[in-house]
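Visitor: My structure is below; once you've seen it, I'll send some questions.
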Amino acid sequence: MTQSGSRVKFNIRGRTFETFASTLKAVSDSKLARLTPEHESYDDKNQEYFFDRDPDLFNVILNLLVTGNLHVPRQVCGALLREELSFWEIGNGNVSKCCWRQYFQHEDDMSVLKDLIDNEDSNSTWIEGETLKERIWLVLNSPGSSKFAKTWYILYLCVVFISIVVFCIWNIEGLRTELYVSDFITHHYPDIHLSGNDKLTTLILTDPVPALFALETGCLVFFMVEWTLGLVVCPRKRDYLTSWTHVVSFVLVFAMLMNFLMEFFKSVLAENEVARWLYFIFKAISMVRLLLFIRVARRFSALRVLLLAIKNSLLELLLMAITFCLGMVFFATLIFYAEITNVESFSNIFISMWWAIITMTTVGYGDIHPSSVAGYIVGVFCALSGLLLLAMPVAIIASNFSEYYSQNNFYQRYLRLQKENRNKETCEMNKIHPHKEAKFDGLSWPAD
């Protein structure tokens with residue numbers, strides 16, 4: 001090691017490597033550059049250094065010292081190569097451009113897997129409940145913990161579905177009848193009758209048929225009991241109250257409760273326009289019951305993958321929104337001045353923006369359209385640019401979804417493999433200890 005022209009021999013797990021001492025000093029502050037015959041790895045008998053390291057990776061290290069560039073073999077994991085560089089105390093700033101993807105790919109993979117693991121349903125891991133509260137919590141939040149929990153899960157899905165159907169058919173005229181919930185004389189309010197607004201007349205001066213009202217009331221009671229019971233038995237109430245899924249449930253229960261109470265005071269709604277608007281606002285807010293499907297569907301990994309892909313594509317979505325807004329203003333200005341002689345349409349820039357949005361998204365309502373040659377030309381370029389602006393970010397979002405989807409498949413296969421191994425270990429333990437404690441079924445106490 002003292003002479004730059006001398007050669008140094010390495011034994012890496014039985015494979016012999018030989019190189020010049022000057023090569024090892026290419027990185028002066030590395031462990032290889034500081035090797036001396038007094039090092040603990042030096043074998044005096046064979047006159048070589050022995051290291052229990054991966055020989056293929058050591059060959060990559062030697063190539064780095066010779067060429068000055070780090071090339072990553074395709075069969076090598078980037079994380080493993082980083083560990084090897086750390087062991088030899090060599091920096092990783094000389095990665096060759098042709099190997100950037102291979103070297104950094106594991107960082108993207110680990111980031112995706114971290115998101116998948118962090119967003120894994122914390123209640124999906126089955127544990128035995130020792131107290132009544134714990135068992136109720138498992139039933140409410142862990143469908144796989146017992147047969148009763150699965151039954152509750154199916155019941156919850158059915159109630160959510162029924163609630164959505166009731167919400168959609170609530171305003172159908174054929175399912176409305178004379179007032180019976182709130183009794184007052186409707187002809188005392190001719191302004192509503194004479195307004196010509198059939199929707200307003202239907203909602204204020206009629207009630208839903210009794211069966212429909214009973215279903216809505218039953219769904220309200222079900223959601224109230226479920227949310228309250230979950231809060232009572234939850235081990236971490238602050239997390240429960242700040243969880244967006246339970247916040248949505250609370251907003252839904254509050255809006256449905258307000259609508260339920262207002263049904264008994266239709267006379268106030270008929271007299272007071274502010275009260276009517278509050279009624280309509282609460283009705284609109286109660287559509288968040290659609291989000292309850294997302295709450296229960298979070299148990300399915302495929303939906304979690306979709307939500308994570310959208311979450312990690314927010315930057316691309318923001319980019320798309322910015323470029324779309326720029327294009328909208330640009331073409332709105334062009335079409336306004338291209339149609340400056342058209343007195344029937346494009347009266348201002350904001351109306352022109354509406355036309356630009358409809359054209360760039362290829363919807364084309366036809367309520368506003370150009371009538372001059374210059375307007376036609378602007379319309380053609382507006383439609384083509386809209387296709388390009390929307391297509392490019394969508395490709396990035398689709399790529400993110402594909403990455404999350406593939407990594408989630410690997411992760412689910414790994415979980416199934418772990419479960420199979422645990423089942424095998426349990427079977428072997430049962431053979432050794434046949435009188436082991438009975439398995440907890442989610443409701444009954446463990447056997448003595």
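Quick note on naming: the chains in the structure tokens go A, B, ... in the order shown, residues restart at 1 in each chain, and ligands are numbered from 1 in order of appearance.
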Going by DSSP on the backbone, which bits of stretch 178-264 of chain A are helix (DSSP H, G or I)? Write them as a ChimeraX atom specification, please.
Guide: /A:186-188,190-193,198-205,210-233,237-242,244-262
Visitor: Just want the 12 Å neighbourhood of A:Asn92, counted on only C-alpha atoms, with same-chain residues fewer than 5 positions away dropped. Output as a ChimeraX atom specification.
Guide: /A:27,30,61,64,68-72,78-79,81-87,100,103-104
Visitor: Select, from A:Lys9, A:Lys114, A:Arg236, A:Arg74, the residue with the minimum atom-to-atom distance to A:Glu48, counting only C-alpha atoms.
Guide: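 Among the listed residues, A:Lys9 lies closest to A:Glu48.
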Visitor: Write out as a ChimeraX atom specification the residues lying within 10 Å of A:Ser182, counting only C-alpha atoms and excluding same-chain residues fewer than 3 positions away.
Guide: /A:178-179,185,205-207,262-267
Visitor: Would you list the contacts of A:Ala332 as a list in words, taking every protein, DNA or RNA residue within 9 Å and counting only C-alpha atoms, but skipping same-chain residues closer than 3 positions in sequence?
Guide: Gly327, Met328, Val329, Ile335, Phe336, Tyr337, Ile349, Phe350, Ile351, Ser352, Met353, Trp354, Trp355, Ala356 and Ile357 of chain A
Visitor: Record the distance separating atom CA of A:Asp56 and atom CA of A:Ser406, expressed in Å with one decimal.
Guide: 28.6 Å
Visitor: Select, from A:Ile285, A:Val233, A:Ile340, A:Leu303, the residue with the minimum atom-to-atom distance to A:Phe250, counting only C-alpha atoms.
Guide: A:Ile285
